[in-house]
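See below for the structure under consideration.
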Amino acid sequence: MSADMKILICGLGRMGKVHEKYIKSLNLKYSCYDPYRDDISDSLRLENITSDTVKEFSHVLISTPEGTHAELYYKFKDLGFYGKFLIEKPVIVNEKDKDIFLDSSVYSGMVERFNPAVDKLKSLVEVSNIVSMDFVRCSVKGSSNQRVDSFTDVGIHDIDLYLHITSQKDISSYQIFQHSNTFSLFGKSESGHLVRFLWSNETFSKERKIVVRQTDCTYEANLIEQTVRKFTSSKDPNSQGIVCQNFYVEKSSSIKNEIENFISNDGERVSSMLSHMLYLDIKKEKK
């Protein structure tokens with residue numbers, strides 16, 4: 001870790017404060033500001049950022065409202081910032097900004113890739129044996145991001161996880177359905193297996209789960225509890241039913257893992273261009 005490392009957290013909303021908590025726990029030097037709010041006495045406004053300001057920082061973490069991410073990125077580039085960016089999801093909301101993903105200094109804020117349950121599941125799944133996959137992400141009514149609908153809020157996470165876990169490049173065909181603030185997406189992969197997604201901001205239990213059904217077993221990952229289980233038929237001729245195997249998952253904070261990867265000199269750059277293009281295409285379909 002470089003002694004001259006200093007992080008600028010852009011955005012003092014819910015995610016900005018969460019990022020600040022973990023950056024502080026890692027004893028990193030940082031400053032916070034929100035360029036779009038004037039109700040915080042020590043915040044800078046976007047028009048007041050200068051080339052001298054950006055020289056103080058080695059890393060910029062953008063967690064402002066999603067429609068402002070590209071604007072901030074271009075602003076920092078124009079001012080001569082040459083450090084790393086971590087841009088919260090969705091990184092872009094317009095296809096015209098897709099070239100941002102070609103910048104090797106940009107890390108996509110796909111925090112669920114750093115969930116240890118996802119890492120374990122990815123190591124176990126045999127893509128050629130997949131029959132179907134389910135992704136469920138539901139929030140308790142009234143407690144989630146109500147500025148936007150549930151698909152816009154969290155859909156990018158599961159679309160990205162699907163492509164990440166399976167190494168697929170697209171979903172060859174799909175349909176999306178909506179009832180109130182609940183969305184279902186049904187699709188078919190390039191290789192032929194089925195995939196289903198459910199997103200809702202109006203349920204009474206919080207869920208983040210992935211189920212992978214293979215020809216030889218079923219995997220179930222709970223991303224909240226960070227657990228992974230495998231279900232197979234019992235091979236004992238004297239036994240009836242299913243055998244459940246619980247895999248060891250070393251629980252940790254996905255956000256902290258993501259920040260540590262971002263600041264590491266040998267951290268893996270996370271680019272999510274393919275998942276964002278698919279997300280934006282599906283978003284057009286749902287209108």
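Each chain in the structure tokens gets a letter, A, B and so on, in the order shown; residues start at 1 in every chain, and ligands are counted from 1 in the order they appear.
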Which polymer residues have any atom within 8 Å of an atom of Phe151 (chain A), counting only C-alpha atoms, with same-chain residues fewer than 2 positions away left out, as a PyMOL selection string? chain A and resi 149+153-156+182-183+199-200
Skipping near chain neighbours, those fewer than 4 positions away, what residues fall within 9 Å of Ile176 (chain A) using only C-alpha atoms, listed as a ChimeraX atom specification? /A:183-187,282,285-286
For the selection just defined, write its residues with N, CA and C atoms to a file, as a CSV table (one decimal), in the first residue's frame.
```csv
chain,number,residue,atom,x,y,z
A,183,PHE,N,-40.5,-7.6,-10.7
A,183,PHE,CA,-40.1,-7.9,-12.1
A,183,PHE,C,-39.6,-9.4,-12.1
A,184,SER,N,-40.0,-10.1,-13.2
A,184,SER,CA,-39.5,-11.4,-13.5
A,184,SER,C,-38.9,-11.4,-14.9
A,185,LEU,N,-37.7,-12.0,-15.0
A,185,LEU,CA,-37.1,-12.1,-16.3
A,185,LEU,C,-36.8,-13.6,-16.6
A,186,PHE,N,-37.3,-14.1,-17.7
A,186,PHE,CA,-37.1,-15.5,-18.1
A,186,PHE,C,-36.2,-15.5,-19.4
A,187,GLY,N,-35.1,-16.3,-19.3
A,187,GLY,CA,-34.3,-16.3,-20.5
A,187,GLY,C,-33.7,-17.6,-20.8
A,282,ILE,N,-32.3,-4.8,-21.7
A,282,ILE,CA,-33.5,-5.3,-20.9
A,282,ILE,C,-34.3,-4.1,-20.4
A,285,GLU,N,-36.6,-2.9,-23.0
A,285,GLU,CA,-37.7,-3.8,-23.2
A,285,GLU,C,-38.8,-3.6,-22.1
A,286,LYS,N,-38.4,-3.2,-20.9
A,286,LYS,CA,-39.4,-3.2,-19.8
A,286,LYS,C,-40.3,-1.9,-19.9
```
Which residues are near region 212-227 of chain A? Cut-off 6 Å, only C-alpha atoms, ignore same chain within fewer than 4 positions. Put them as a ChimeraX atom specification. /A:117,129-133,208,231-232
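The spacing separating CA of Ser272 (chain A) from CA of Phe247 (chain A) amounts to 28.0 Å.
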Could you pull the residues within 7 Å of Phe135 (chain A), counting only C-alpha atoms, minus those fewer than 3 positions along the same chain, as a ChimeraX atom specification? /A:158,196-198,209-211
Output C-alpha atoms for every residue in that selection, as a CSV table (one decimal), in the first residue's frame.
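Result file out-v4.csv:
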```
chain,number,residue,atom,x,y,z
A,158,ASP,CA,-27.8,-10.5,-10.8
A,196,ARG,CA,-34.8,-16.9,-14.3
A,197,PHE,CA,-34.6,-13.7,-12.2
A,198,LEU,CA,-37.0,-12.2,-9.7
A,209,LYS,CA,-30.2,-16.2,-3.4
A,210,ILE,CA,-28.9,-18.2,-6.4
A,211,VAL,CA,-30.0,-21.7,-7.3
```
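Between Phe81 (chain A) and the candidates A:Lys96, A:His69, A:His157, A:Lys55, the tightest atom-to-atom separation, counting only C-alpha atoms, involves A:Lys55.
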